[in-house]
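**Student:** Here you go, this is data-v6.tsv (TSV, C-alpha atoms).
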```tsv
chain	number	residue	atom	x	y	z
A	125	MET	CA	0.00	0.00	0.00
A	126	SER	CA	1.24	3.48	-0.80
A	127	LYS	CA	-0.46	5.02	2.21
A	128	GLU	CA	0.99	4.52	5.70
A	129	ASN	CA	-1.16	2.10	7.66
A	130	ILE	CA	-1.72	0.93	11.24
A	131	PHE	CA	-3.23	-2.43	12.22
A	132	ILE	CA	-5.58	-2.62	15.24
A	133	CYS	CA	-6.81	-5.87	16.78
A	134	ALA	CA	-9.92	-5.75	19.01
A	135	GLY	CA	-11.39	-9.22	19.47
A	136	GLU	CA	-13.66	-8.63	22.48
A	137	THR	CA	-16.69	-6.42	23.17
A	138	SER	CA	-14.87	-4.10	25.60
A	139	ALA	CA	-11.79	-3.98	23.33
A	140	ASP	CA	-14.05	-3.00	20.45
A	141	LEU	CA	-15.36	-0.03	22.45
A	142	TYR	CA	-11.80	1.07	23.31
A	143	ALA	CA	-10.75	0.64	19.68
A	144	ALA	CA	-13.55	2.92	18.51
A	145	MET	CA	-12.57	5.61	21.03
A	146	LEU	CA	-8.91	5.27	20.04
A	147	LEU	CA	-9.66	5.42	16.31
A	148	VAL	CA	-11.63	8.66	16.65
A	149	GLU	CA	-8.66	10.36	18.32
A	150	LEU	CA	-6.02	8.76	16.07
A	151	GLN	CA	-7.80	9.87	12.93
A	152	LYS	CA	-7.82	13.44	14.21
A	153	THR	CA	-4.10	13.29	14.95
A	154	LEU	CA	-3.02	11.13	11.98
A	155	PRO	CA	-5.45	12.00	9.15
A	156	ASP	CA	-3.18	10.58	6.45
A	157	VAL	CA	-2.88	7.11	8.01
A	158	HIS	CA	-5.06	4.16	6.90
A	159	PHE	CA	-6.41	2.03	9.78
A	160	TRP	CA	-7.43	-1.61	9.39
A	161	GLY	CA	-7.73	-4.77	11.45
A	162	VAL	CA	-10.07	-6.85	13.60
A	163	GLY	CA	-13.08	-5.06	15.06
A	164	GLY	CA	-16.69	-5.27	16.16
A	165	PRO	CA	-19.82	-3.14	15.79
A	166	SER	CA	-18.29	-0.08	17.48
A	167	SER	CA	-15.02	0.09	15.51
A	168	ARG	CA	-15.86	-1.48	12.12
A	169	GLY	CA	-17.25	1.76	10.73
A	170	LEU	CA	-14.01	3.57	11.59
A	171	MET	CA	-11.54	1.23	9.90
A	172	GLU	CA	-11.18	-1.39	7.18
A	173	CYS	CA	-12.25	-4.70	8.75
A	174	LEU	CA	-10.09	-7.71	7.89
A	175	ILE	CA	-11.95	-10.14	10.18
A	176	PRO	CA	-15.03	-9.40	12.32
A	177	MET	CA	-14.54	-9.54	16.08
A	178	GLU	CA	-17.25	-12.20	16.44
A	179	GLN	CA	-14.91	-14.75	14.84
A	180	PHE	CA	-12.77	-14.64	18.00
A	181	GLN	CA	-15.44	-14.68	20.71
A	182	VAL	CA	-15.03	-17.89	22.68
A	183	MET	CA	-14.77	-18.51	26.41
A	184	GLY	CA	-13.41	-21.41	28.43
A	185	LEU	CA	-11.28	-24.35	27.32
A	186	SER	CA	-14.15	-26.40	25.90
A	187	ASP	CA	-15.31	-23.54	23.65
A	188	VAL	CA	-11.74	-22.85	22.53
A	189	LEU	CA	-11.23	-26.49	21.53
A	190	LYS	CA	-14.41	-26.46	19.41
A	191	ALA	CA	-13.39	-23.24	17.68
A	192	LEU	CA	-9.69	-24.10	17.34
A	193	PRO	CA	-9.61	-24.68	13.53
A	194	ARG	CA	-11.29	-21.32	12.92
A	195	LEU	CA	-9.04	-19.51	15.42
A	196	ILE	CA	-5.88	-20.96	13.85
A	197	SER	CA	-7.05	-20.03	10.35
A	198	ASN	CA	-7.81	-16.46	11.45
A	199	PHE	CA	-4.46	-16.17	13.23
A	200	TYR	CA	-2.54	-17.00	10.06
A	201	LYS	CA	-4.77	-14.77	7.94
A	202	ILE	CA	-3.86	-11.87	10.26
A	203	THR	CA	-0.13	-12.59	10.26
A	204	ARG	CA	0.00	-13.00	6.48
A	205	SER	CA	-1.84	-9.72	5.98
A	206	ILE	CA	0.41	-7.83	8.39
A	207	LEU	CA	3.57	-9.18	6.78
A	208	GLU	CA	2.26	-8.34	3.29
A	209	ARG	CA	1.00	-4.84	4.11
A	210	SER	CA	3.78	-3.98	6.58
A	211	PRO	CA	1.89	-1.54	8.85
A	212	LYS	CA	3.94	1.03	10.69
A	213	MET	CA	2.40	-0.16	13.95
A	214	VAL	CA	0.40	-3.09	15.28
A	215	ILE	CA	-1.89	-2.25	18.23
A	216	ILE	CA	-3.38	-5.18	20.16
A	217	ILE	CA	-6.20	-4.26	22.53
A	218	ASP	CA	-6.69	-6.70	25.41
A	219	GLN	CA	-6.44	-10.46	24.63
A	220	PRO	CA	-2.81	-10.55	25.87
A	221	SER	CA	-2.40	-14.31	25.32
A	222	PHE	CA	-3.33	-13.87	21.67
A	223	GLY	CA	-1.26	-10.69	21.50
A	224	ILE	CA	1.91	-12.37	22.74
A	225	LYS	CA	1.52	-15.22	20.23
A	226	LEU	CA	0.91	-12.74	17.42
A	227	ALA	CA	3.87	-10.53	18.37
A	228	ARG	CA	6.20	-13.54	18.71
A	229	HIS	CA	5.18	-14.91	15.31
A	230	LEU	CA	5.53	-11.52	13.59
A	231	ARG	CA	9.01	-10.93	15.01
A	232	LYS	CA	10.14	-14.41	13.98
A	233	LYS	CA	8.90	-13.72	10.45
A	234	GLY	CA	10.87	-10.47	10.30
A	235	TYR	CA	8.29	-7.80	11.07
A	236	THR	CA	10.18	-4.66	12.16
A	237	GLY	CA	7.32	-2.24	12.85
A	238	LYS	CA	6.22	-1.17	16.30
A	239	ILE	CA	4.04	-3.53	18.36
A	240	VAL	CA	1.91	-2.14	21.19
A	241	GLN	CA	-0.23	-3.89	23.79
A	242	PHE	CA	-3.10	-1.82	25.17
A	243	VAL	CA	-4.40	-3.51	28.37
A	244	ALA	CA	-1.76	-5.41	30.30
A	245	PRO	CA	-1.87	-9.16	30.96
A	246	THR	CA	-2.62	-10.09	34.55
A	247	VAL	CA	0.98	-10.88	35.43
A	248	TRP	CA	0.18	-9.84	39.01
A	249	ALA	CA	-2.25	-12.76	39.29
A	250	TRP	CA	-0.40	-15.56	37.48
A	251	LYS	CA	2.21	-16.22	34.76
A	252	LYS	CA	4.62	-13.58	36.07
A	253	ASN	CA	7.16	-14.65	33.41
A	254	ARG	CA	4.90	-12.98	30.84
A	255	ALA	CA	6.51	-9.64	31.68
A	256	ASP	CA	9.90	-10.86	30.45
A	257	GLU	CA	8.37	-12.50	27.39
A	258	MET	CA	6.52	-9.34	26.40
A	259	ALA	CA	9.73	-7.31	26.62
A	260	LYS	CA	11.20	-9.44	23.82
A	261	TYR	CA	8.49	-8.60	21.30
A	262	PHE	CA	6.68	-5.39	22.26
A	263	ASP	CA	7.73	-1.76	22.06
A	264	LEU	CA	5.11	-0.27	24.38
A	265	LEU	CA	2.60	-1.40	26.99
A	266	LEU	CA	-0.34	0.84	27.94
A	267	THR	CA	-1.92	-0.18	31.25
A	268	LEU	CA	-5.36	0.48	32.70
A	269	PHE	CA	-4.42	0.28	36.39
A	270	ASP	CA	-1.92	2.35	38.34
A	271	PHE	CA	-0.06	-0.57	39.96
A	272	GLU	CA	0.65	-2.51	36.74
A	273	PRO	CA	3.76	-0.73	35.36
A	274	ALA	CA	5.70	-1.79	38.46
A	275	TYR	CA	5.44	-5.44	37.37
A	276	PHE	CA	7.32	-4.58	34.16
A	277	ALA	CA	9.87	-2.20	35.72
A	278	HIS	CA	12.63	-4.84	35.71
A	279	THR	CA	12.32	-5.26	31.92
A	280	THR	CA	13.24	-3.03	28.98
A	281	LEU	CA	9.57	-2.68	27.98
A	282	LYS	CA	8.22	0.84	28.36
A	283	SER	CA	5.02	0.60	30.40
A	284	VAL	CA	2.72	3.58	30.88
A	285	PHE	CA	-0.37	3.88	33.09
A	286	VAL	CA	-3.02	5.69	31.05
A	287	GLY	CA	-6.17	5.04	33.08
A	288	HIS	CA	-9.25	3.05	32.18
A	289	PRO	CA	-11.32	4.08	29.12
A	290	ILE	CA	-14.58	3.19	30.88
A	291	THR	CA	-14.14	6.28	33.04
A	292	GLU	CA	-14.54	8.30	29.82
A	293	LEU	CA	-17.43	6.17	28.58
A	294	ILE	CA	-19.27	6.72	31.86
A	295	ALA	CA	-18.49	10.45	31.96
A	296	HIS	CA	-19.82	10.99	28.42
A	297	ASP	CA	-22.78	8.63	28.62
A	298	ASN	CA	-26.04	10.09	27.31
A	299	SER	CA	-29.04	9.34	29.49
A	300	HIS	CA	-31.57	6.79	28.28
A	301	SER	CA	-35.17	6.61	29.46
A	302	LEU	CA	-35.90	3.41	31.36
A	303	PHE	CA	-39.34	2.24	32.42
A	304	LEU	CA	-38.46	1.92	36.10
A	305	ASP	CA	-40.53	2.98	39.09
A	306	PRO	CA	-38.46	5.68	40.88
A	307	ASP	CA	-40.04	4.73	44.20
A	308	ARG	CA	-38.98	1.05	44.10
A	309	PRO	CA	-35.41	-0.29	44.53
A	310	VAL	CA	-33.80	-1.93	41.49
A	311	LEU	CA	-31.91	-5.22	41.48
A	312	SER	CA	-30.06	-5.35	38.15
A	313	ILE	CA	-28.60	-8.43	36.48
A	314	PHE	CA	-25.64	-8.45	34.07
A	315	PRO	CA	-25.20	-12.05	32.85
A	316	GLY	CA	-22.56	-11.32	30.18
A	317	SER	CA	-22.55	-10.57	26.46
A	318	ARG	CA	-21.78	-13.96	24.93
A	319	PRO	CA	-24.44	-16.68	24.61
A	320	ALA	CA	-22.23	-19.18	26.50
A	321	GLU	CA	-21.78	-16.77	29.41
A	322	ILE	CA	-25.49	-16.06	29.58
A	323	LYS	CA	-26.34	-19.76	29.49
A	324	ARG	CA	-24.00	-20.46	32.41
A	325	ASN	CA	-24.91	-17.50	34.60
A	326	LEU	CA	-28.40	-16.17	33.99
A	327	ALA	CA	-30.53	-19.04	35.30
A	328	LYS	CA	-29.01	-18.96	38.79
A	329	GLN	CA	-28.94	-15.16	38.83
A	330	LEU	CA	-32.66	-15.08	38.01
A	331	GLU	CA	-33.46	-17.70	40.63
A	332	ALA	CA	-31.52	-15.72	43.24
A	333	ALA	CA	-33.40	-12.57	42.20
A	334	LYS	CA	-36.69	-14.46	42.54
A	335	LEU	CA	-35.75	-15.49	46.10
A	336	PHE	CA	-34.81	-11.89	46.87
A	337	CYS	CA	-38.14	-10.56	45.58
A	338	LYS	CA	-40.05	-13.03	47.74
A	339	LYS	CA	-38.36	-11.54	50.80
A	340	PHE	CA	-38.34	-7.95	49.51
A	341	PRO	CA	-41.40	-7.73	47.22
A	342	THR	CA	-41.06	-4.05	46.29
A	343	THR	CA	-37.87	-4.80	44.35
A	344	GLN	CA	-37.78	-4.37	40.57
A	345	ILE	CA	-35.64	-6.76	38.51
A	346	ALA	CA	-33.90	-5.51	35.38
A	347	VAL	CA	-31.67	-7.56	33.07
A	348	SER	CA	-29.05	-5.91	30.87
A	349	VAL	CA	-28.63	-7.73	27.56
A	350	ALA	CA	-26.37	-7.37	24.54
A	351	SER	CA	-29.04	-9.01	22.40
A	352	HIS	CA	-32.65	-9.92	23.21
A	353	ASP	CA	-32.20	-13.10	21.20
A	354	ALA	CA	-29.43	-14.32	23.51
A	355	VAL	CA	-31.54	-14.12	26.68
A	356	ASP	CA	-33.96	-16.86	27.63
A	357	ILE	CA	-36.08	-15.65	30.54
A	358	PRO	CA	-38.57	-18.22	31.91
A	359	GLN	CA	-42.12	-17.27	30.95
A	360	GLY	CA	-43.23	-17.16	34.57
A	361	LEU	CA	-40.71	-14.41	35.30
A	362	LEU	CA	-40.98	-12.46	32.07
A	363	PRO	CA	-43.83	-10.05	32.99
A	364	SER	CA	-42.05	-8.85	36.12
A	365	ILE	CA	-38.60	-8.36	34.53
A	366	ILE	CA	-37.48	-5.28	32.65
A	367	VAL	CA	-35.08	-6.05	29.78
A	368	VAL	CA	-32.58	-3.23	29.22
A	369	PRO	CA	-30.48	-2.94	26.03
A	370	PHE	CA	-26.69	-2.84	26.23
A	371	ASN	CA	-26.41	0.84	25.28
A	372	ALA	CA	-28.56	1.80	28.29
A	373	ARG	CA	-26.54	-0.22	30.82
A	374	TYR	CA	-25.01	2.85	32.50
A	375	GLU	CA	-28.43	4.41	33.03
A	376	LEU	CA	-29.52	1.13	34.63
A	377	MET	CA	-26.45	1.17	36.88
A	378	LYS	CA	-27.24	4.72	37.98
A	379	LYS	CA	-30.67	3.56	39.13
A	380	SER	CA	-29.59	0.26	40.71
A	381	HIS	CA	-29.59	-0.44	44.44
A	382	LEU	CA	-27.98	-3.88	44.12
A	383	ALA	CA	-26.64	-5.98	41.25
A	384	LEU	CA	-25.71	-9.48	40.14
A	385	ALA	CA	-22.98	-9.60	37.52
A	386	LYS	CA	-20.76	-12.00	35.65
A	387	SER	CA	-17.09	-11.53	36.53
A	388	GLY	CA	-15.40	-9.10	34.13
A	389	THR	CA	-15.24	-5.44	33.13
A	390	VAL	CA	-18.90	-4.95	34.05
A	391	THR	CA	-17.97	-5.30	37.73
A	392	LEU	CA	-15.60	-2.35	37.37
A	393	GLU	CA	-18.38	-0.34	35.72
A	394	LEU	CA	-20.74	-1.19	38.59
A	395	ALA	CA	-18.11	-0.18	41.15
A	396	LEU	CA	-17.64	3.19	39.45
A	397	HIS	CA	-21.42	3.61	39.77
A	398	GLN	CA	-21.15	2.58	43.45
A	399	VAL	CA	-23.54	-0.39	43.16
A	400	PRO	CA	-22.91	-3.24	45.66
A	401	THR	CA	-22.64	-6.35	43.48
A	402	VAL	CA	-22.55	-10.12	43.86
A	403	VAL	CA	-20.08	-11.43	41.27
A	404	THR	CA	-20.78	-14.81	39.71
A	405	TYR	CA	-18.98	-16.93	37.16
A	406	GLU	CA	-20.32	-20.39	36.46
A	407	LEU	CA	-17.52	-22.62	35.16
A	408	SER	CA	-17.85	-26.00	33.52
A	409	TYR	CA	-16.14	-28.75	35.54
A	410	LEU	CA	-13.34	-29.05	32.95
A	411	ASN	CA	-12.71	-25.28	32.99
A	412	TYR	CA	-12.72	-25.30	36.79
A	413	LEU	CA	-10.05	-28.02	36.89
A	414	MET	CA	-7.95	-26.03	34.42
A	415	ALA	CA	-8.32	-22.89	36.51
A	416	LYS	CA	-7.51	-24.73	39.74
A	417	TYR	CA	-4.50	-26.82	38.70
A	418	ILE	CA	-2.96	-24.90	35.78
A	419	MET	CA	-3.80	-21.26	36.49
A	420	LYS	CA	-3.60	-21.86	40.29
A	421	VAL	CA	-6.56	-19.55	40.87
A	422	GLU	CA	-7.28	-21.04	44.29
A	423	SER	CA	-4.09	-19.43	45.56
A	424	MET	CA	-5.50	-16.00	44.71
A	425	PRO	CA	-7.30	-14.20	47.56
A	426	PHE	CA	-9.83	-12.68	45.15
A	427	PHE	CA	-11.17	-13.29	41.65
A	428	CYS	CA	-13.11	-10.09	40.96
A	429	ILE	CA	-11.04	-7.19	39.57
A	430	VAL	CA	-12.71	-4.76	41.99
A	431	ASN	CA	-11.52	-6.76	45.00
A	432	ILE	CA	-8.08	-7.31	43.49
A	433	LEU	CA	-7.58	-3.58	42.89
A	434	CYS	CA	-8.75	-2.64	46.39
A	435	GLY	CA	-6.83	-5.47	48.06
A	436	LYS	CA	-9.89	-6.45	50.09
A	437	LYS	CA	-13.40	-7.83	49.68
A	438	VAL	CA	-15.61	-5.03	48.37
A	439	PHE	CA	-17.94	-7.10	46.17
A	440	ALA	CA	-19.22	-10.53	47.19
A	441	GLU	CA	-17.93	-13.41	45.07
A	442	CYS	CA	-19.75	-16.61	44.11
A	443	ILE	CA	-17.28	-18.27	41.79
A	444	LYS	CA	-15.79	-21.42	43.34
A	445	PRO	CA	-18.08	-24.41	42.64
A	446	PRO	CA	-20.65	-25.26	43.73
A	447	VAL	CA	-22.43	-21.94	43.14
A	448	THR	CA	-26.12	-21.99	44.09
A	449	SER	CA	-28.93	-19.46	43.76
A	450	GLN	CA	-29.39	-19.63	47.55
A	451	MET	CA	-25.75	-18.66	48.06
A	452	ILE	CA	-26.12	-15.68	45.70
A	453	TYR	CA	-29.33	-14.59	47.41
A	454	GLU	CA	-27.78	-14.72	50.89
A	455	ARG	CA	-25.02	-12.34	49.87
A	456	LEU	CA	-27.58	-9.87	48.55
A	457	GLU	CA	-29.57	-10.19	51.77
A	458	VAL	CA	-26.58	-9.14	53.89
A	459	TRP	CA	-26.45	-5.75	52.16
A	460	GLN	CA	-30.22	-5.34	52.19
A	461	ASN	CA	-30.45	-5.99	55.94
A	462	SER	CA	-27.32	-4.10	57.01
A	463	PRO	CA	-26.99	-0.41	56.04
A	464	GLN	CA	-23.52	-0.44	57.57
A	465	SER	CA	-22.31	-3.31	55.32
A	466	TYR	CA	-23.94	-1.63	52.34
A	467	GLN	CA	-22.11	1.65	53.05
A	468	GLN	CA	-18.80	-0.15	53.53
A	469	CYS	CA	-19.18	-1.60	50.04
A	470	VAL	CA	-20.01	1.84	48.59
A	471	ASP	CA	-16.95	3.32	50.35
A	472	GLY	CA	-14.79	0.61	48.75
A	473	CYS	CA	-16.18	1.55	45.33
A	474	ILE	CA	-15.25	5.18	45.92
A	475	GLU	CA	-11.71	4.14	46.93
A	476	LEU	CA	-11.37	2.14	43.70
A	477	LYS	CA	-11.45	5.26	41.52
A	478	LYS	CA	-7.85	6.21	42.36
A	479	HIS	CA	-6.61	2.99	40.70
A	480	VAL	CA	-8.30	3.67	37.35
A	481	MET	CA	-8.30	7.45	36.96
A	482	GLY	CA	-5.35	8.83	35.01
A	483	THR	CA	-4.34	12.48	35.19
A	484	LEU	CA	-5.55	13.09	31.61
A	485	SER	CA	-8.04	11.45	29.30
A	486	PRO	CA	-6.99	7.78	29.00
A	487	ILE	CA	-7.55	7.75	25.23
A	488	LYS	CA	-5.72	11.03	24.62
A	489	THR	CA	-2.83	9.76	26.75
A	490	CYS	CA	-2.75	6.61	24.60
A	491	VAL	CA	-2.65	8.64	21.40
A	492	LYS	CA	0.15	10.82	22.78
A	493	GLU	CA	2.25	7.74	23.63
A	494	LEU	CA	1.52	6.06	20.29
A	495	CYS	CA	2.48	9.14	18.27
A	496	GLU	CA	5.73	9.51	20.22
A	497	LEU	CA	6.56	5.90	19.35
A	498	LEU	CA	5.91	6.30	15.60
```
Written as structure tokens, how would this file's structure read?
**Tutor:**
Amino acid sequence: MSKENIFICAGETSADLYAAMLLVELQKTLPDVHFWGVGGPSSRGLMECLIPMEQFQVMGLSDVLKALPRLISNFYKITRSILERSPKMVIIIDQPSFGIKLARHLRKKGYTGKIVQFVAPTVWAWKKNRADEMAKYFDLLLTLFDFEPAYFAHTTLKSVFVGHPITELIAHDNSHSLFLDPDRPVLSIFPGSRPAEIKRNLAKQLEAAKLFCKKFPTTQIAVSVASHDAVDIPQGLLPSIIVVPFNARYELMKKSHLALAKSGTVTLELALHQVPTVVTYELSYLNYLMAKYIMKVESMPFFCIVNILCGKKVFAECIKPPVTSQMIYERLEVWQNSPQSYQQCVDGCIELKKHVMGTLSPIKTCVKELCELL
């Protein structure tokens, strides 16, 4: 290609949102550069799409094994395209395991452009040798949390804390009208965005919510969904449940008293909205064994990113099997019956902000660092 180009890889829903924000700012700063890569609904209209993000959306070992032929084919399609088109920079957003494999392969094949990872791998939780491995292949690491650069300080890799983009998404969110009774408390449910996540989490979350409403009948239940088609709500519950689209999730969080959420970025969003949350993550037995014996997750004091960042239990966790609807309900009941416990959780959410708020706009800081590297 005659025009300078930059490749961006965003293979997850949250990464797609960050990619879109980044592309808007990059195109202002670098109007003569052509952007292309892997993206989803938010970023596809801002760049040439080589492969849609949905081709990479799998979770857990069993799902990965089923999708392995497709994932391998897409991996080599990406590497061939990068080597042929020789972009000035490759930016990988999240998916650090994929990013490390891609960077290693590109370097071995002779790619000499800049490679950047935006969103650090969780080296502080497990696989601490990843820091040294990343230093071999990457030119820049942009981190979301203030404590992460310290884990790469012993390497030659430049690591910069930029802050978390969701702070900007929340700050600039436009209000959406929701059909909620302002005089009744709201229990919101966030089961995940992928069909497999929803299948594994929603049933028990709904059953726990049903138990909660029996004890506290004025409660309204609202479920945040990425797609109405992906959510199967039992007919007996349907009339009493408000289904909220993904783009109105922040408005739902603003109105929520309590929440149930799948482990992930959504828990951080709920903490920034100061909503006490029970975090669930239903694993298949095979995935649990992998997590226990290979990833050594049982040695970790916490699983939820909110608790990890604060270094203490702020949100309740229901992750280690067996997870039951009764267990989830009981954790909600503690906050409902104890204003003191509820306020302690809110105070922890307020404390969390210091770990994710950069001094400038996270996206503008990213663009500044990327342009300095070019």
**Student:** What is the CA of Ala143 (chain A) to CA of Phe199 (chain A) distance in Å?
**Tutor:** 19.1 Å
**Student:** Please provide as a list of chain:residue names all residues within 9 Å of region 462-476 of chain A, with the sequence filter that same-chain residues fewer than 6 positions apart are discarded (counting only C-alpha atoms).
**Tutor:** A:Leu392, A:Leu394, A:Ala395, A:Leu396, A:His397, A:Gln398, A:Val399, A:Pro400, A:Thr401, A:Val430, A:Asn431, A:Leu433, A:Cys434, A:Lys436, A:Lys437, A:Val438, A:Phe439
**Student:** Got time to write the residues from that selection, C-alpha atoms, as a CSV table (one decimal), keeping the file's coordinate frame?
**Tutor:**
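Contents of the output file result.csv:
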```
chain,number,residue,atom,x,y,z
A,392,LEU,CA,-15.6,-2.4,37.4
A,394,LEU,CA,-20.7,-1.2,38.6
A,395,ALA,CA,-18.1,-0.2,41.2
A,396,LEU,CA,-17.6,3.2,39.4
A,397,HIS,CA,-21.4,3.6,39.8
A,398,GLN,CA,-21.2,2.6,43.4
A,399,VAL,CA,-23.5,-0.4,43.2
A,400,PRO,CA,-22.9,-3.2,45.7
A,401,THR,CA,-22.6,-6.4,43.5
A,430,VAL,CA,-12.7,-4.8,42.0
A,431,ASN,CA,-11.5,-6.8,45.0
A,433,LEU,CA,-7.6,-3.6,42.9
A,434,CYS,CA,-8.8,-2.6,46.4
A,436,LYS,CA,-9.9,-6.4,50.1
A,437,LYS,CA,-13.4,-7.8,49.7
A,438,VAL,CA,-15.6,-5.0,48.4
A,439,PHE,CA,-17.9,-7.1,46.2
```
**Student:** Taking all atoms listed in the file into account, name the residue in A:Met171, A:Ala295, A:Leu330, A:Leu281 that is nearest to Ala144 (chain A).
**Tutor:**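 Answer, going by the shortest atom-to-atom distance: A:Met171.
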**Student:** With a distance cut-off of 9 Å and all atoms listed in the file, select the neighbouring residues of Ile365 (chain A), excluding the residue or stretch itself and same-chain residues fewer than 5 positions from it, and output the selection as a list in words.
**Tutor:**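 Counting all atoms listed in the file, the residues come to Gln344, Ile345, Ala346, Val347 and Ile357 of chain A.
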**Student:** Go ahead and write the selection's residues with C-alpha atoms as a tab-separated table (two decimals), in the frame of the given file.
**Tutor:**
```
chain	number	residue	atom	x	y	z
A	344	GLN	CA	-37.78	-4.37	40.57
A	345	ILE	CA	-35.64	-6.76	38.51
A	346	ALA	CA	-33.90	-5.51	35.38
A	347	VAL	CA	-31.67	-7.56	33.07
A	357	ILE	CA	-36.08	-15.65	30.54
```
**Student:** Work out how far CA of Ile217 (chain A) is from CA of Thr391 (chain A), in Å to one decimal.
**Tutor:**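 Going from CA of Thr391 (chain A) over to CA of Ile217 (chain A), I get 19.3 Å.
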**Student:** When you count only C-alpha atoms, which of these residues is closest to Leu170 (chain A): A:Leu192, A:Leu302, A:Leu147, A:Cys442?
**Tutor:**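 Looking at the shortest contact to Leu170 (chain A), the residue is A:Leu147.
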**Student:** Counting only C-alpha atoms, which of A:Thr236, A:Asn371, A:Ser167, A:Ser312 gets nearest to Leu456 (chain A)?
**Tutor:**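 Among A:Thr236, A:Asn371, A:Ser167, A:Ser312, it is A:Ser312 that comes nearest to Leu456 (chain A).
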**Student:** Restricting the calculation to all atoms listed in the file, which member of A:Leu150, A:Ile313, A:Val491, A:Ala134 is positioned closest to Glu178 (chain A)?
**Tutor:** A:Ala134
